[in-house]
Amino acid sequence: QVQLAESGGGSVQAGGSLKLACVASGLSDSPTCMAWFRQAPGKERMGVASIYFGGTNTHYAESVKGRFTISQDIEKNTVYLQMNSLKPEDTAMYYCVTDEPYMGCALHIWTPGRDSASWGQGTQVTVSS
């Protein structure tokens, strides 16, 4: 069973930076996508960034392109989300998720399965103006 543990959230002022980490345990050798989703109060959960674990392709939501970077450390089974130039609208609970790929890990195609995906507990990011 895959378990994910996020860390690195916090409160920053607009323009600041945070780096989130997601440590995975129980991963198999099967292909897998790792992604960050976020959910703001009153809004639906949305994909922010994704990566093919062990690969090089990364994908981003339009709203974070050029500001956020997803990366990985295979040896540590860890995925990171570097967030720069943060805006108040980035305020949300950020979740790490993993699931098998579907035609890759592009956010506009791949969606974590309701029964197959593994989610972390989330880490809160608050950006003040």
# chains A, B, ... in the order shown; residues from 1 in each chain; ligands from 1

call {"tool": "select_by_dssp", "arguments": {"residues": "chain A", "states": "helix (DSSP H, G or I)", "output": "number ranges by chain"}}
result
A: 62-64, 74-76, 88-90

call {"tool": "write_last_selection", "arguments": {"atoms": "N, CA and C atoms", "output": "compact mmCIF listing (two decimals), in the first residue's frame"}}
result
# COMPACT_ATOMS: atom_id res chain seq x y z
N GLU A 62 -1.87 25.95 -16.24
CA GLU A 62 -1.51 27.24 -16.85
C GLU A 62 -1.27 28.30 -15.78
N SER A 63 -2.02 28.24 -14.71
CA SER A 63 -1.95 29.28 -13.69
C SER A 63 -0.63 29.29 -12.92
N VAL A 64 0.16 28.21 -13.02
CA VAL A 64 1.41 28.15 -12.25
C VAL A 64 2.63 28.02 -13.15
N ILE A 74 14.69 10.21 -6.98
CA ILE A 74 14.28 8.81 -7.07
C ILE A 74 14.81 8.01 -5.88
N GLU A 75 16.04 8.27 -5.50
CA GLU A 75 16.63 7.50 -4.41
C GLU A 75 15.90 7.72 -3.09
N LYS A 76 15.33 8.91 -2.94
CA LYS A 76 14.62 9.23 -1.71
C LYS A 76 13.11 9.02 -1.85
N PRO A 88 -1.76 35.44 -3.72
CA PRO A 88 -2.85 35.08 -2.79
C PRO A 88 -3.76 33.98 -3.34
N GLU A 89 -3.94 33.94 -4.64
CA GLU A 89 -4.80 32.92 -5.23
C GLU A 89 -4.17 31.53 -5.22
N ASP A 90 -2.91 31.43 -4.81
CA ASP A 90 -2.28 30.12 -4.63
C ASP A 90 -2.63 29.50 -3.28

call {"tool": "select_by_dssp", "arguments": {"residues": "segment 69-128 of chain A", "states": "strand (DSSP E)", "output": "JSON, numbers by chain"}}
result
{"A": [69, 70, 71, 72, 73, 78, 79, 80, 81, 82, 83, 92, 93, 94, 95, 96, 97, 98, 99, 118, 119, 123, 124, 125, 126, 127, 128]}

call {"tool": "residues_around", "arguments": {"residues": "Phe68 of chain A", "least_positions_apart": "3", "cutoff": "9 Å", "atoms": "only C-alpha atoms", "output": "list in words"}}
result
Val48, Ala49, Tyr60, Val64, Lys65, Leu81, Gln82, Met83, Asn84, Ser85 and Leu86 of chain A

call {"tool": "residues_around", "arguments": {"residues": "Thr32 of chain A", "least_positions_apart": "4", "cutoff": "8 Å", "atoms": "only C-alpha atoms", "output": "number ranges by chain"}}
result
A: 52-53, 98-101

call {"tool": "closest_residue", "arguments": {"among": "A:Ile51, A:Cys96, A:Met46, A:Ala106", "to": "Ala5 of chain A", "atoms": "only C-alpha atoms"}}
result
A:Cys96

call {"tool": "closest_residue", "arguments": {"among": "A:Thr111, A:Thr78, A:Ser116, A:Gln13", "to": "Gly54 of chain A", "atoms": "only C-alpha atoms"}}
result
A:Thr78

call {"tool": "closest_residue", "arguments": {"among": "A:Tyr102, A:Gly42, A:Lys87, A:Asn77", "to": "Leu18 of chain A", "atoms": "only C-alpha atoms"}}
result
A:Lys87

call {"tool": "atom_distance", "arguments": {"atom1": "atom CA of Tyr80 of chain A", "atom2": "atom CA of Cys105 of chain A"}}
result
16.0 Å

call {"tool": "atom_distance", "arguments": {"atom1": "atom CA of Ala35 of chain A", "atom2": "atom CA of Ser128 of chain A"}}
result
24.8 Å

call {"tool": "closest_residue", "arguments": {"among": "A:Thr91, A:Thr69, A:Ser28, A:Ser50", "to": "Thr123 of chain A", "atoms": "only C-alpha atoms"}}
result
A:Thr91
